[in-house]
Every structure is written in structure tokens, then in C-alpha cells.
Amino acid sequence: MKITKNEYLFVFALVLGHMVLAQAPRNLREANNNSVEMNQNLTQLAKDSVQLNEFKRKVNEFNNAVSEKNQSKITVVKKKIFWRMQQEVNQGERKIAQDKKELERSKSELRSSKREVRRSRRDRRTPDGDIGDARDLRRDRRDKRDDRRDTKDDKSDLEIQIARTEQQKGLLTEFKSLQGINVGGKLILQRFMTTMEADLVATRMEILEDKREAREDGRERRDDRRERREKIRN
């Protein structure tokens, strides 16, 4: 059965309309995911700040006990600090798992953006391609650049988190092996505290990234609404 040109164009329009409608829910899901990530990071920032201040107080107690050569006090405080260091390492492992999920989500969004660019490129090349199709192609290329940058950032965040957690594990092992009144513990705890401060800074940077992505999500949703209105008019 031979398909006429008008029938082909009708089917093509139906498929195109479906793809446009599918893009809107996808962008909405991405916006919801980013909103969840921001809330998680805000909660984590508050938690990290409290934990860092608590750790600093314990470190001061330990340092004073070492200076006073108070072995019984050193033993008590050391147990509390060791437990806190172990909690921080466990939290680092959870952050690694979360960062891996975010990286996979970013990769998925990048794949979707690439598909949209290919679709817009095909639309632009059709005989009835218009200025709107050219605008859509520019928009999709911009979205792909944004998603590629987000994927790169998430990959970097994951690598840094893994390195920081591994460093904390090493410091935890060193601290555990300390015997008696050992001033070397002061240096170990200072280095561990530095990793916690770096973790705090990293969370603040992630929140800034979340805010930037939220602005991009808002722009994409506006583009979706405009594109739907154009398809309805046409």
C-alpha cells in the first residue's frame, strides 16, 4: 500500500507532537529531581556544620588532655573522637552512593538532550522547516551544553568525594593505632578536621550548582509551554 505525501506529513506531525508532549514531563521530572537534591544538600549543610563544631570541641578536649599528660582523660576523649571519625567515614560512603546516583541521572539527562538535538536537527531539515524549528534547535543545543557541564561537574564531585573519604579512612586508621600520650594525634585530628571543612565547602558549592540548575529548569519549562502553544496554533 502506497502512502501519499499528505498521509506521510500527517503521521510525521502526530509523531512530532507526541515527542513535544513527552519532553515536557521529562523536563518536569528533571526539575523535581533537582529540587530534591537541593533540599538534601541544604539539610546536609546544616548537619555538617553542627558535626564540625562538635568535632572541634572534642579535638580541643583531646589536645588539652595531651598537654596535661592526663592519660585517663585521653582514653575517654579518644574513644569519643574515634566514634565520631567513624561516623564521618560512614557518612562519606553514603555521599559517594548519592553522588553516583546523581551522576547517572545527569548522564540520562544528557542522553535525552542529545536525542532532542537530533530531533530538532531533523525538523530543521524538512521542507516545511521554519524559524521556530531553528529556534528549537538552538535551545536544544544550549540544553545539551548545560547537561554536559552538569555531568562533568557531577563526575568531578564524585571523584573528589571518593578521594576525601579514602583520606579520612587512612587518618582513622592512624588515630586508632596511637598508643599512650602521643602528640602525633594532634596533627592527625587537624588533618581530619580539614577534610570535614572541605566537605562543608563542597556542599555549599553543590547548593550553588542546584540553584543554577533550578534557573535552567525554569527556562526549559517556559520553552516547553511556548512550544506547546505553537504546536496547538499550527
# chains A, B, ... in the order shown; residues from 1 in each chain; ligands from 1
>>> residues_around(residues="region 108-113 of chain A", least_positions_apart="6", cutoff="10 Å", atoms="only C-alpha atoms", output="number ranges by chain")
A: 23, 26-27, 30, 102, 119, 140-151
>>> residues_around(residues="Gln190 (chain A)", least_positions_apart="5", cutoff="9 Å", atoms="only C-alpha atoms", output="count of residues only")
3
>>> closest_residue(among="A:Met85, A:Ala214, A:Leu103, A:Leu137", to="Leu172 (chain A)", atoms="only C-alpha atoms")
A:Met85
>>> closest_residue(among="A:Met193, A:Ala46, A:Met205, A:Ala97", to="Gln167 (chain A)", atoms="only C-alpha atoms")
A:Met193
>>> closest_residue(among="A:Leu45, A:Met196, A:Leu178, A:Ile160", to="Gln87 (chain A)", atoms="only C-alpha atoms")
A:Met196
>>> residues_around(residues="Asn64 (chain A)", least_positions_apart="2", cutoff="12 Å", atoms="only C-alpha atoms", output="list of chain:residue names")
A:Arg57, A:Lys58, A:Val59, A:Asn60, A:Glu61, A:Phe62, A:Val66, A:Ser67, A:Glu68, A:Lys69, A:Asn70, A:Gln71, A:Lys73, A:Ile74, A:Val77, A:Ile181, A:Val183, A:Gly185, A:Lys186
>>> atom_distance(atom1="CA of Asp210 (chain A)", atom2="CA of Glu37 (chain A)")
7.3 Å
>>> closest_residue(among="A:Glu213, A:Asp199, A:Asp154, A:Asp123", to="Asp99 (chain A)", atoms="only C-alpha atoms")
A:Asp154
>>> residues_around(residues="Ser49 (chain A)", least_positions_apart="3", cutoff="12 Å", atoms="only C-alpha atoms", output="list in words")
Leu42, Thr43, Gln44, Leu45, Ala46, Leu52, Asn53, Glu54, Phe55, Lys56, Met193, Met196, Glu197, Ala198, Asp199, Leu200, Val201, Thr203 and Arg204 of chain A
>>> atom_distance(atom1="CA of Ala163 (chain A)", atom2="CA of Lys176 (chain A)")
20.2 Å
>>> closest_residue(among="A:Glu206, A:Asp48, A:Glu174, A:Asp153", to="Gly92 (chain A)", atoms="only C-alpha atoms")
A:Asp48
